Amino acid sequence: MISQLTRDERSSAMYLSGLLVLFGGFLAIAGRNDVLGWHGAMLVFSGAILLFALISRFYDDEPARESRHEYYDDPTKFGVVVAMIWLVFATFVGDWVAWLLVFPEATFDAGWSSFGRLRPVHTTGVIFGFGGNALIATSFHVLQRTSRARLAGSVSPWVVLIGFNLFCIMAVTGYMFGITASKEYAEPEWYADLFLVVIWVVYFVLYVRTLARRQEPHIYVANWYFMAFILVVAILHIINNLAVPVSLGHAKSYSLFSGVQDAMTQWWYGHNAVAFFLTSGFLGMLYYYLPRRAGRPIYSYRMSIISFWGITFLYMWAGSHHLHYTALPHWVQNLGMTFSIILVVPSWASAGNALLTLNGAWEKVRDDATLRFMFVAAVFYGLSTFEGSFMAIRPVNSLSHYTDWTVGHVHAGALGWVAMITFGAFYTLVPMLWNRERMYSSRLIEAHFWLALSGTVIYVFSMWNSGIIQGLMWRAYAENGTLAYSFMDSVDAMAPYYVARAVGGFLFFLGGVIGLYNIWKTIKMPAQAHTPIYDLPPVVDVEPAE
Amino acid sequence: MLDKHAKLERNALAFVFAIIFVASIGGIVEIAPLFTIDETVEEVEDMRVYTPLEVAGRNIYIREGCYACHSQMIRTLQDEVERYGPYSLAVESQYDHPMLWGSKRTGPDLARVGEKFSDAWHVAHLINPRNVVPSSVMPSYAWLMRNTLKYEDMGLHLSALRKVGVPYSDEMIENAAQDTYGQARPGSERADAFVERYGEESNVSLFDGDPDRITEMDALVAYLQILGRLTDVAHQSSDSAQQTTSTGSGD
Ligand code: HEM
Ligand SMILES: [Fe+2]
């Protein structure tokens with residue numbers, strides 16, 4: 001990695017590592033009486049390791065001049081491997097917390113291991129650790145190919161990746177220490193949030209500067225989605241996390257908003273984290289890797305325009321569907337419901353566009369597990385967006401809200417869509433990146449596919465069952481007009497489904513382990529002859545398959 | 001239309017601004033009015049603030065992620081009102097920075113759990129839920145009883161809360177640490193001073209039953225006992241004014 005940097009770049013990397021040490025040192029000293037101090041120390045330590053590595057290799061040979069005219073893929077390689085490690089870690093934690101609902105005593109009598117602290121470790125680990133790294137890695141790759149330009153900078157991609165991972169590590173270790181802002185999918189505290197803002201600005205600037213160098217007149221669809229992801233996540237993150245820290249030495253802060261305004265802000269964020277992180281970004285992935293793997297151009301350009309602007313506009317109205325029948329004013333609930341229902345149109349336009357792109361390549365879908373991953377992802381995307389619009393209808397929501405149905409819905413999207421599209425993209429990308437003829441083992445991809453699919457189906461079906469049973473039991477009345485079931489009756493009824501979910505989750509986790517192994521073995525395979533520079537045509541030009 | 005879009009696709013900055021513009025509309029229309037329209041939050045006379053001990057307890061509730069399994073928002077549905085009590089009003093979480101309405105009920109709603117059980121019940125339940133409710137899947141929180149509460153800096157906490165809009169007086173902020181102690185030590189001088197500042201309505205109790213130490217258990221139980229009790233307004237209106245949607249299905 002360092003060998004690909006010029007000496008000037010190595011020294012700017014050293015300055016930046018120094019800054020990291022300073023920032024960490026400040027937190028460590030200010031927060032010495034608080035858990036905050038540990039995070040400060042961790043940043044100092046990370047900065048010091050980077051500095052040490054840079055110093056010890058400062059005088060190594062500089063990269064050959066020609067290499068500057070090639071795509072810069074080291075950051076993408078790093079991101080792919082790290083994403084898979086996060087996946088294995090965070091689905092392990094997910095399965096662990098799933099088992100905790102079966103064996104609630106398994107907490108070692110210690111705070112860090114109890115359900116409430118580990119659950120956000122899982123959600124942050126999968127969404128940000130796995131999903132975030134996958135998005136950053138693939139966005140760098142796609143951006144360069146579709147612009148026919150090298151990344152505008154060799155240090156800034158590392159700032160983005162390393163900084164983002166430090167943020168994720170601060171987040172998940174923080175929860176176990178007991179540091180959390182409690183906002184769903186925005187649990188990290190103020191100092192980690194500020195740190196992420198800086199990282200995100202670097203990401204945005206890098207993206208736009210690279211686009212400015214493009215040799216293609218048009219900005220390719222995938223980049224629209226990646227840009228929407230970067231921009232809107234920034235807006236959401238900053239507003240949702242506005243808070244006043246207890247002091248500069250305390251990790252704890254108090255949110256600027258309270259009560260009903262806070263609820264609306266949190267779900268405006270929460271729903272759109274799903275929209276712009278878990279949907280837009282991954283659609284960017286789909287719009288590049290699916291046509292590439294299928295060897296066919298995107299079915300309809302017009303449909304991709306409609307769905308892009310539809311999603312970007314409509315999603316931001318829909319957050320209040322998380323607050324039906326609550327103390328949120330009715331007019332906002334109704335707006336949320338209405339827009340959520342309309343949302344199914346651009347969502348299905350995207351899913352349809354993906355599936356119609358595959359039309360004519362079905363034999364490839366049958367034979368190639370990598371393409372099949374992307375096919376299944378598009379199907380789950382269609383299903384879970386339909387389900388989401390359905391659940392946003394007030395009477396339906398009165399049953400589904402607060403139950404496991406929501407969890408089932410989330411995982412149909414998270415496992416079926418987000419994770420599957422990523423696996424498909426990674427299996428396409430890894431041989432390209434490392435210049436290998438193919439993945440190490442296609443049978444292992446096949447095994448991963450069936451584990452992931454069966455795990456997802458078991459998970460989703462058990463949560464549908466438990467959620468609907470729960471919802472019905474809570475509202476059931478006995479003959480004499482009193483409530484028929486106590487709350488505990490509903491807890492007892494969940495037991496078999498919680499076991500089933502944990503088993504399904506284990507299968508999914510196992511698939512991830514196999515994926516990581518397969519990628520690792522591919523990296524260890526001998527490389528092919530070096531492919532010449534800029535030989536990769538942009539996707540839009542790919543000829544339709546015969 | 002398509003031509004115009006083709007032009008837009010050639011200009012990165014225009015594209016950036018178009019995204020920001022299109023994405024901002026929904027939030028502006030839905031969120032901004034919530035801060036300005038008066039009816040959004042009911043005005044009530046008797047709304048109290050959390051005492052410093054309750055703030056500390058709320059922070060433990062947040063730290064332990066109790067909100068991952070418990071909601072604090074009773075919806076306007078008939079069965080919920082029958083199960084948990086009058087539905088939640090916006091004003092009841094007016095001082096909740098952040099709100100803890102929650103999104104998942106692995107356990108029951110806690111919006112009105114205050115004074116539903118005795119302190120001793122909560123302590124026993126938190127130490128091991130299965131001692132009280134045999135098939136509960138709630139984790140045990142026995143260490144709360146072992147951890148001494150850190151409360152010397154409660155003044156800083158209250159003053160941060162005042163910055164975001166909770167009406168704590170200077171006196172409350174200055175005496176925050178003493179008041180934390182006082183609320184958990186019935187009969188002490190500090191308890192009297194505490195009651196003077198926070199009113200007769202506030203709970204002074206030996207929450208965790210241990211007179212020697214102020215533990216995290218004290219704080220958490222104090223918080224649980226105030227849930228739904230900061231104002232009486234929901235109970236006053238419950239008989240006549242609460243309109244619920246019936247979802248009930250016979251059985
Ligand atoms: C091995 C696979 C997985 C297992 C066993 C698993 C398990 C769980 C469990 C037990 C919960 C808590 C549910 C509750 O509170 O009752 C949860 C929540 C969640 N998980 Fe997973 N998970 C897995 C994979 C994933 C992946 C890959 C993603 C995203 C890419 C994801 C996203 C989420 C989200 C967003 C939530 C919060 C749901 C809510 O707020 O209702 N999970 N998961
Ligand atoms: Fe949503």
# chains A, B, ... in the order shown; residues from 1 in each chain; ligands from 1

$ interface_residues --of "chain B" --to "chain A" --cutoff "6 Å" --atoms "only C-alpha atoms" --output "PyMOL selection string"
chain B and resi 9-10+22-23+26+63-66+68+75-76+79+89-90+93-94+96-99+103-105+137+139+156-157+160+164+248-251

$ write_last_selection --atoms "N, CA and C atoms" --output "JSON list (two decimals), in the first residue's frame"
[["chain", "number", "residue", "atom", "x", "y", "z"],
["B", 9, "GLU", "N", -26.71, 15.24, -16.72],
["B", 9, "GLU", "CA", -25.72, 14.18, -16.50],
["B", 9, "GLU", "C", -24.30, 14.59, -16.88],
["B", 10, "ARG", "N", -24.20, 15.71, -17.58],
["B", 10, "ARG", "CA", -22.86, 16.15, -17.99],
["B", 10, "ARG", "C", -22.25, 17.11, -16.99],
["B", 22, "VAL", "N", -33.86, 18.21, -4.29],
["B", 22, "VAL", "CA", -34.97, 17.25, -4.35],
["B", 22, "VAL", "C", -35.12, 16.50, -3.03],
["B", 23, "ALA", "N", -33.98, 16.18, -2.41],
["B", 23, "ALA", "CA", -34.05, 15.38, -1.18],
["B", 23, "ALA", "C", -34.45, 16.21, 0.03],
["B", 26, "GLY", "N", -38.96, 17.00, 1.45],
["B", 26, "GLY", "CA", -39.76, 16.21, 2.39],
["B", 26, "GLY", "C", -39.49, 16.57, 3.84],
["B", 63, "ARG", "N", -27.82, 3.41, 28.39],
["B", 63, "ARG", "CA", -26.56, 2.69, 28.29],
["B", 63, "ARG", "C", -26.79, 1.20, 28.11],
["B", 64, "GLU", "N", -27.77, 0.64, 28.84],
["B", 64, "GLU", "CA", -28.02, -0.80, 28.78],
["B", 64, "GLU", "C", -28.88, -1.19, 27.58],
["B", 65, "GLY", "N", -29.35, -0.21, 26.83],
["B", 65, "GLY", "CA", -30.15, -0.56, 25.66],
["B", 65, "GLY", "C", -31.50, -1.17, 26.01],
["B", 66, "CYS", "N", -32.09, -0.76, 27.13],
["B", 66, "CYS", "CA", -33.44, -1.27, 27.47],
["B", 66, "CYS", "C", -34.43, -0.93, 26.35],
["B", 68, "ALA", "N", -34.11, -1.23, 23.37],
["B", 68, "ALA", "CA", -34.10, -2.20, 22.27],
["B", 68, "ALA", "C", -35.23, -3.22, 22.42],
["B", 75, "ARG", "N", -49.83, 3.60, 21.85],
["B", 75, "ARG", "CA", -50.51, 4.14, 20.67],
["B", 75, "ARG", "C", -52.00, 4.32, 20.95],
["B", 76, "THR", "N", -52.66, 5.02, 20.05],
["B", 76, "THR", "CA", -54.08, 5.33, 20.25],
["B", 76, "THR", "C", -54.95, 4.17, 19.80],
["B", 79, "ASP", "N", -56.82, -1.68, 22.29],
["B", 79, "ASP", "CA", -56.22, -2.76, 23.07],
["B", 79, "ASP", "C", -55.00, -2.27, 23.83],
["B", 89, "LEU", "N", -49.11, 11.15, 25.37],
["B", 89, "LEU", "CA", -49.26, 12.47, 24.78],
["B", 89, "LEU", "C", -47.87, 13.05, 24.51],
["B", 90, "ALA", "N", -47.82, 13.95, 23.53],
["B", 90, "ALA", "CA", -46.51, 14.51, 23.14],
["B", 90, "ALA", "C", -45.82, 15.18, 24.32],
["B", 93, "SER", "N", -43.18, 13.45, 26.73],
["B", 93, "SER", "CA", -41.75, 13.27, 26.45],
["B", 93, "SER", "C", -41.09, 14.58, 26.04],
["B", 94, "GLN", "N", -41.72, 15.68, 26.45],
["B", 94, "GLN", "CA", -41.21, 16.99, 26.09],
["B", 94, "GLN", "C", -39.77, 17.21, 26.58],
["B", 96, "ASP", "N", -37.61, 14.76, 27.11],
["B", 96, "ASP", "CA", -36.81, 13.58, 26.80],
["B", 96, "ASP", "C", -35.81, 13.87, 25.69],
["B", 97, "HIS", "N", -34.57, 14.09, 26.08],
["B", 97, "HIS", "CA", -33.48, 14.36, 25.12],
["B", 97, "HIS", "C", -32.50, 13.20, 25.18],
["B", 98, "PRO", "N", -32.53, 12.25, 24.34],
["B", 98, "PRO", "CA", -33.45, 12.02, 23.24],
["B", 98, "PRO", "C", -34.71, 11.32, 23.73],
["B", 99, "MET", "N", -35.69, 11.21, 22.83],
["B", 99, "MET", "CA", -36.90, 10.45, 23.17],
["B", 99, "MET", "C", -36.57, 8.95, 23.17],
["B", 103, "SER", "N", -38.98, 0.98, 19.18],
["B", 103, "SER", "CA", -39.61, 0.47, 17.96],
["B", 103, "SER", "C", -39.89, -1.02, 18.06],
["B", 104, "LYS", "N", -39.58, -1.63, 19.19],
["B", 104, "LYS", "CA", -39.71, -3.07, 19.28],
["B", 104, "LYS", "C", -40.18, -3.44, 20.68],
["B", 105, "ARG", "N", -41.20, -4.32, 20.75],
["B", 105, "ARG", "CA", -41.68, -4.76, 22.06],
["B", 105, "ARG", "C", -41.36, -6.23, 22.26],
["B", 137, "VAL", "N", -37.48, -13.54, 28.96],
["B", 137, "VAL", "CA", -36.23, -13.58, 28.18],
["B", 137, "VAL", "C", -35.43, -12.30, 28.41],
["B", 139, "PRO", "N", -32.65, -9.95, 29.98],
["B", 139, "PRO", "CA", -31.35, -10.25, 30.62],
["B", 139, "PRO", "C", -31.39, -9.89, 32.10],
["B", 156, "LEU", "N", -23.15, 19.12, 35.79],
["B", 156, "LEU", "CA", -22.82, 19.32, 34.37],
["B", 156, "LEU", "C", -23.91, 18.74, 33.46],
["B", 157, "HIS", "N", -24.45, 17.61, 33.90],
["B", 157, "HIS", "CA", -25.51, 16.99, 33.10],
["B", 157, "HIS", "C", -26.74, 17.90, 33.05],
["B", 160, "ALA", "N", -26.11, 20.84, 30.82],
["B", 160, "ALA", "CA", -26.21, 20.50, 29.38],
["B", 160, "ALA", "C", -27.68, 20.37, 28.99],
["B", 164, "VAL", "N", -30.23, 22.52, 26.13],
["B", 164, "VAL", "CA", -31.11, 22.04, 25.07],
["B", 164, "VAL", "C", -32.59, 22.27, 25.39],
["B", 248, "GLY", "N", -59.73, -4.58, 17.99],
["B", 248, "GLY", "CA", -59.96, -5.84, 18.67],
["B", 248, "GLY", "C", -60.58, -6.90, 17.78],
["B", 249, "SER", "N", -60.13, -8.13, 17.98],
["B", 249, "SER", "CA", -60.74, -9.24, 17.28],
["B", 249, "SER", "C", -61.24, -10.20, 18.33],
["B", 250, "GLY", "N", -62.46, -10.63, 18.21],
["B", 250, "GLY", "CA", -63.01, -11.57, 19.18],
["B", 250, "GLY", "C", -62.28, -12.90, 19.10],
["B", 251, "ASP", "N", -62.52, -13.77, 20.05],
["B", 251, "ASP", "CA", -61.68, -14.96, 20.07],
["B", 251, "ASP", "C", -62.49, -16.20, 20.37]]

$ closest_atom_pairs --of "chain A" --to "ligand 1" --cutoff "7 Å" --atoms "only C-alpha atoms and all ligand atoms" --output "Markdown table"
| residue | atom | partner | partner_atom_place_in_ligand_line | distance |
| --- | --- | --- | --- | --- |
| A:Thr91 | CA | ligand 1 | 1 (C) | 4.0 |
| A:Phe92 | CA | ligand 1 | 1 (C) | 6.1 |
| A:Gly94 | CA | ligand 1 | 7 (C) | 3.9 |
| A:Asp95 | CA | ligand 1 | 5 (C) | 3.6 |
| A:Val97 | CA | ligand 1 | 10 (C) | 5.0 |
| A:Ala98 | CA | ligand 1 | 10 (C) | 3.7 |
| A:Arg119 | CA | ligand 1 | 12 (C) | 6.0 |
| A:His122 | CA | ligand 1 | 21 (Fe) | 6.6 |
| A:Thr123 | CA | ligand 1 | 33 (C) | 4.9 |
| A:Val126 | CA | ligand 1 | 30 (C) | 4.8 |
| A:Ile127 | CA | ligand 1 | 30 (C) | 4.9 |
| A:Gly131 | CA | ligand 1 | 30 (C) | 6.2 |
| A:Asp404 | CA | ligand 1 | 16 (O) | 6.2 |
| A:Thr406 | CA | ligand 1 | 41 (O) | 5.4 |
| A:Val407 | CA | ligand 1 | 41 (O) | 4.4 |
| A:Val410 | CA | ligand 1 | 38 (C) | 5.8 |
| A:His411 | CA | ligand 1 | 42 (N) | 5.8 |
| A:Ala414 | CA | ligand 1 | 29 (C) | 4.1 |
| A:Leu415 | CA | ligand 1 | 27 (C) | 4.9 |
| A:Val418 | CA | ligand 1 | 30 (C) | 5.7 |
| A:Ala419 | CA | ligand 1 | 27 (C) | 5.6 |
| A:Arg501 | CA | ligand 1 | 5 (C) | 6.8 |
| A:Ala502 | CA | ligand 1 | 5 (C) | 5.5 |
| A:Gly504 | CA | ligand 1 | 5 (C) | 7.0 |
| A:Gly505 | CA | ligand 1 | 5 (C) | 3.6 |
| A:Phe506 | CA | ligand 1 | 1 (C) | 5.5 |
| A:Phe508 | CA | ligand 1 | 1 (C) | 5.0 |
| A:Phe509 | CA | ligand 1 | 1 (C) | 4.4 |

$ write_last_selection --atoms "N, CA and C atoms" --output "PDB file, in the first residue's frame"
ATOM      1  N   THR A  91     -22.323 -10.685  11.713  1.00  0.00           N
ATOM      2  CA  THR A  91     -23.385 -11.691  11.672  1.00  0.00           C
ATOM      3  C   THR A  91     -23.188 -12.699  12.802  1.00  0.00           C
ATOM      4  N   PHE A  92     -21.936 -12.890  13.214  1.00  0.00           N
ATOM      5  CA  PHE A  92     -21.727 -13.731  14.400  1.00  0.00           C
ATOM      6  C   PHE A  92     -22.427 -13.094  15.602  1.00  0.00           C
ATOM      7  N   GLY A  94     -24.853 -11.010  15.500  1.00  0.00           N
ATOM      8  CA  GLY A  94     -26.297 -11.087  15.234  1.00  0.00           C
ATOM      9  C   GLY A  94     -26.842 -12.434  15.662  1.00  0.00           C
ATOM     10  N   ASP A  95     -26.107 -13.483  15.298  1.00  0.00           N
ATOM     11  CA  ASP A  95     -26.600 -14.799  15.666  1.00  0.00           C
ATOM     12  C   ASP A  95     -26.502 -15.002  17.187  1.00  0.00           C
ATOM     13  N   VAL A  97     -26.889 -12.646  19.499  1.00  0.00           N
ATOM     14  CA  VAL A  97     -28.031 -12.010  20.164  1.00  0.00           C
ATOM     15  C   VAL A  97     -29.328 -12.755  19.856  1.00  0.00           C
ATOM     16  N   ALA A  98     -29.383 -13.398  18.690  1.00  0.00           N
ATOM     17  CA  ALA A  98     -30.562 -14.214  18.396  1.00  0.00           C
ATOM     18  C   ALA A  98     -30.657 -15.356  19.410  1.00  0.00           C
ATOM     19  N   ARG A 119     -26.851  -5.713  20.719  1.00  0.00           N
ATOM     20  CA  ARG A 119     -27.705  -5.540  19.541  1.00  0.00           C
ATOM     21  C   ARG A 119     -27.193  -4.421  18.638  1.00  0.00           C
ATOM     22  N   HIS A 122     -24.248  -5.448  16.611  1.00  0.00           N
ATOM     23  CA  HIS A 122     -24.664  -6.164  15.397  1.00  0.00           C
ATOM     24  C   HIS A 122     -25.127  -5.196  14.316  1.00  0.00           C
ATOM     25  N   THR A 123     -26.056  -4.304  14.653  1.00  0.00           N
ATOM     26  CA  THR A 123     -26.627  -3.459  13.598  1.00  0.00           C
ATOM     27  C   THR A 123     -25.560  -2.522  13.016  1.00  0.00           C
ATOM     28  N   VAL A 126     -23.073  -4.665  10.819  1.00  0.00           N
ATOM     29  CA  VAL A 126     -23.521  -5.057   9.481  1.00  0.00           C
ATOM     30  C   VAL A 126     -23.765  -3.849   8.593  1.00  0.00           C
ATOM     31  N   ILE A 127     -24.460  -2.836   9.106  1.00  0.00           N
ATOM     32  CA  ILE A 127     -24.817  -1.718   8.228  1.00  0.00           C
ATOM     33  C   ILE A 127     -23.571  -0.913   7.854  1.00  0.00           C
ATOM     34  N   GLY A 131     -21.709  -3.044   5.234  1.00  0.00           N
ATOM     35  CA  GLY A 131     -22.312  -2.285   4.141  1.00  0.00           C
ATOM     36  C   GLY A 131     -21.473  -1.071   3.754  1.00  0.00           C
ATOM     37  N   ASP A 404     -42.061  -8.613  15.765  1.00  0.00           N
ATOM     38  CA  ASP A 404     -40.990  -9.217  14.986  1.00  0.00           C
ATOM     39  C   ASP A 404     -41.227  -9.125  13.484  1.00  0.00           C
ATOM     40  N   THR A 406     -41.504  -6.487  11.857  1.00  0.00           N
ATOM     41  CA  THR A 406     -40.561  -5.467  11.411  1.00  0.00           C
ATOM     42  C   THR A 406     -39.170  -6.052  11.249  1.00  0.00           C
ATOM     43  N   VAL A 407     -38.771  -6.869  12.200  1.00  0.00           N
ATOM     44  CA  VAL A 407     -37.445  -7.467  12.142  1.00  0.00           C
ATOM     45  C   VAL A 407     -37.344  -8.378  10.913  1.00  0.00           C
ATOM     46  N   VAL A 410     -36.992  -6.099   7.905  1.00  0.00           N
ATOM     47  CA  VAL A 410     -35.634  -5.553   7.830  1.00  0.00           C
ATOM     48  C   VAL A 410     -34.674  -6.590   7.248  1.00  0.00           C
ATOM     49  N   HIS A 411     -34.806  -7.834   7.702  1.00  0.00           N
ATOM     50  CA  HIS A 411     -33.831  -8.829   7.252  1.00  0.00           C
ATOM     51  C   HIS A 411     -34.118  -9.356   5.860  1.00  0.00           C
ATOM     52  N   ALA A 414     -32.185  -6.731   4.356  1.00  0.00           N
ATOM     53  CA  ALA A 414     -30.757  -6.713   4.689  1.00  0.00           C
ATOM     54  C   ALA A 414     -30.034  -7.957   4.180  1.00  0.00           C
ATOM     55  N   LEU A 415     -30.616  -9.125   4.418  1.00  0.00           N
ATOM     56  CA  LEU A 415     -29.967 -10.360   3.966  1.00  0.00           C
ATOM     57  C   LEU A 415     -30.232 -10.565   2.484  1.00  0.00           C
ATOM     58  N   VAL A 418     -29.393  -6.377   0.461  1.00  0.00           N
ATOM     59  CA  VAL A 418     -28.094  -5.728   0.690  1.00  0.00           C
ATOM     60  C   VAL A 418     -26.940  -6.733   0.639  1.00  0.00           C
ATOM     61  N   ALA A 419     -27.074  -7.807   1.398  1.00  0.00           N
ATOM     62  CA  ALA A 419     -25.950  -8.743   1.466  1.00  0.00           C
ATOM     63  C   ALA A 419     -25.797  -9.511   0.156  1.00  0.00           C
ATOM     64  N   ARG A 501     -35.120 -18.766  13.920  1.00  0.00           N
ATOM     65  CA  ARG A 501     -34.406 -17.607  13.412  1.00  0.00           C
ATOM     66  C   ARG A 501     -32.908 -17.747  13.654  1.00  0.00           C
ATOM     67  N   ALA A 502     -32.569 -18.206  14.875  1.00  0.00           N
ATOM     68  CA  ALA A 502     -31.149 -18.320  15.197  1.00  0.00           C
ATOM     69  C   ALA A 502     -30.480 -19.391  14.334  1.00  0.00           C
ATOM     70  N   GLY A 504     -31.493 -20.224  11.193  1.00  0.00           N
ATOM     71  CA  GLY A 504     -31.375 -19.589   9.874  1.00  0.00           C
ATOM     72  C   GLY A 504     -30.205 -18.618   9.838  1.00  0.00           C
ATOM     73  N   GLY A 505     -30.085 -17.827  10.889  1.00  0.00           N
ATOM     74  CA  GLY A 505     -28.994 -16.864  10.962  1.00  0.00           C
ATOM     75  C   GLY A 505     -27.642 -17.553  10.953  1.00  0.00           C
ATOM     76  N   PHE A 506     -27.569 -18.720  11.592  1.00  0.00           N
ATOM     77  CA  PHE A 506     -26.303 -19.437  11.615  1.00  0.00           C
ATOM     78  C   PHE A 506     -25.910 -19.886  10.206  1.00  0.00           C
ATOM     79  N   PHE A 508     -26.684 -18.438   7.473  1.00  0.00           N
ATOM     80  CA  PHE A 508     -26.251 -17.245   6.744  1.00  0.00           C
ATOM     81  C   PHE A 508     -24.822 -16.857   7.135  1.00  0.00           C
ATOM     82  N   PHE A 509     -24.555 -16.932   8.418  1.00  0.00           N
ATOM     83  CA  PHE A 509     -23.222 -16.624   8.933  1.00  0.00           C
ATOM     84  C   PHE A 509     -22.181 -17.562   8.322  1.00  0.00           C
TER      85      PHE A 509
END

$ residues_around --residues "stretch 191-200 of chain B" --least-positions-apart "5" --cutoff "9 Å" --atoms "only C-alpha atoms" --output "short mmCIF file (atom, residue, chain, number, x, y, z; two decimals) with C-alpha atoms, in the first residue's frame"
data_model
loop_
_atom_site.label_atom_id
_atom_site.label_comp_id
_atom_site.auth_asym_id
_atom_site.auth_seq_id
_atom_site.Cartn_x
_atom_site.Cartn_y
_atom_site.Cartn_z
CA ARG B 48 -42.25 18.22 36.08
CA VAL B 49 -38.61 17.82 35.13
CA TYR B 50 -36.57 14.70 35.87
CA THR B 51 -34.64 14.87 39.13
CA GLU B 171 -30.13 26.23 42.27
CA MET B 172 -31.01 22.80 40.88
CA ASN B 175 -27.10 21.23 44.12
CA GLN B 178 -26.51 16.60 46.81
CA ASP B 179 -30.01 16.15 45.44
CA THR B 180 -29.03 12.89 43.82
CA TYR B 181 -27.99 11.64 47.21
CA GLY B 182 -30.95 13.15 49.00
CA GLN B 183 -33.56 11.49 46.85
CA ALA B 184 -32.19 8.05 47.72
CA ARG B 185 -31.83 8.77 51.47
CA PRO B 186 -35.23 9.29 53.08
#

$ residues_around --residues "B:Val81" --least-positions-apart "2" --cutoff "12 Å" --atoms "only C-alpha atoms" --output "PyMOL selection string"
(chain A and resi 325+474-475+483) or (chain B and resi 73-79+83-88+109+111-112+234-235+238-239+242-248)

$ residues_around --residues "stretch 37-54 of chain A" --least-positions-apart "5" --cutoff "9 Å" --atoms "only C-alpha atoms" --output "JSON, numbers by chain"
{"A": [2, 10, 11, 13, 14, 15, 16, 17, 18, 19, 20, 21, 22, 23, 24, 25, 26, 27, 28, 29, 30, 31, 32, 166, 170, 173, 174, 249, 250, 251]}

$ atom_distance --atom1 "atom CA of A:Asn353" --atom2 "atom CA of B:Leu8"
21.5 Å

$ select_by_dssp --residues "stretch 167-197 of chain B" --states "alpha helix (DSSP H)" --output "NGL selection string"
:B and (170-174 or 176-183 or 189-197)

$ write_last_selection --atoms "N, CA and C atoms" --output "compact mmCIF listing (two decimals), in the first residue's frame"
# COMPACT_ATOMS: atom_id res chain seq x y z
N ASP B 170 -30.83 27.59 38.43
CA ASP B 170 -29.43 27.63 38.85
C ASP B 170 -29.24 26.79 40.10
N GLU B 171 -30.21 26.92 40.99
CA GLU B 171 -30.13 26.23 42.27
C GLU B 171 -30.13 24.71 42.07
N MET B 172 -30.96 24.24 41.17
CA MET B 172 -31.01 22.80 40.88
C MET B 172 -29.66 22.33 40.34
N ILE B 173 -29.08 23.16 39.48
CA ILE B 173 -27.80 22.76 38.87
C ILE B 173 -26.70 22.74 39.92
N GLU B 174 -26.67 23.78 40.77
CA GLU B 174 -25.64 23.83 41.80
C GLU B 174 -25.71 22.65 42.76
N ALA B 176 -27.05 19.67 42.28
CA ALA B 176 -27.45 18.42 41.62
C ALA B 176 -26.89 17.19 42.33
N ALA B 177 -25.63 17.24 42.72
CA ALA B 177 -25.03 16.04 43.33
C ALA B 177 -25.68 15.76 44.69
N GLN B 178 -25.87 16.80 45.51
CA GLN B 178 -26.51 16.60 46.81
C GLN B 178 -27.93 16.07 46.65
N ASP B 179 -28.64 16.59 45.65
CA ASP B 179 -30.01 16.15 45.44
C ASP B 179 -30.07 14.69 45.00
N THR B 180 -29.06 14.28 44.24
CA THR B 180 -29.03 12.89 43.82
C THR B 180 -28.99 12.01 45.05
N TYR B 181 -28.11 12.40 45.97
CA TYR B 181 -27.99 11.64 47.21
C TYR B 181 -29.28 11.72 48.01
N GLY B 182 -29.77 12.94 48.16
CA GLY B 182 -30.95 13.15 49.00
C GLY B 182 -32.15 12.32 48.60
N GLN B 183 -32.38 12.20 47.29
CA GLN B 183 -33.56 11.49 46.85
C GLN B 183 -33.52 10.01 47.24
N GLU B 189 -31.08 15.17 55.82
CA GLU B 189 -31.28 16.60 55.57
C GLU B 189 -31.35 16.90 54.09
N ARG B 190 -30.47 16.20 53.36
CA ARG B 190 -30.45 16.44 51.92
C ARG B 190 -31.77 16.04 51.27
N ALA B 191 -32.42 15.05 51.86
CA ALA B 191 -33.71 14.65 51.31
C ALA B 191 -34.70 15.80 51.43
N ASP B 192 -34.68 16.49 52.57
CA ASP B 192 -35.60 17.61 52.76
C ASP B 192 -35.32 18.72 51.75
N ALA B 193 -34.01 19.01 51.59
CA ALA B 193 -33.64 20.06 50.63
C ALA B 193 -34.08 19.66 49.23
N PHE B 194 -33.93 18.38 48.94
CA PHE B 194 -34.33 17.87 47.62
C PHE B 194 -35.82 18.09 47.38
N VAL B 195 -36.63 17.73 48.39
CA VAL B 195 -38.08 17.86 48.24
C VAL B 195 -38.47 19.32 48.07
N GLU B 196 -37.75 20.18 48.79
CA GLU B 196 -38.05 21.60 48.66
C GLU B 196 -37.85 22.08 47.23
N ARG B 197 -36.80 21.56 46.59
CA ARG B 197 -36.51 22.00 45.22
C ARG B 197 -37.42 21.34 44.19

$ atom_distance --atom1 "atom CA of B:Asp232" --atom2 "atom CA of A:Asn334"
28.7 Å

$ atom_distance --atom1 "atom CA of A:Tyr459" --atom2 "atom CA of A:Thr385"
17.5 Å

$ closest_residue --among "A:Arg436, A:Arg145, A:His409, A:Arg150" --to "ligand 2" --atoms "only C-alpha atoms and all ligand atoms"
A:His409
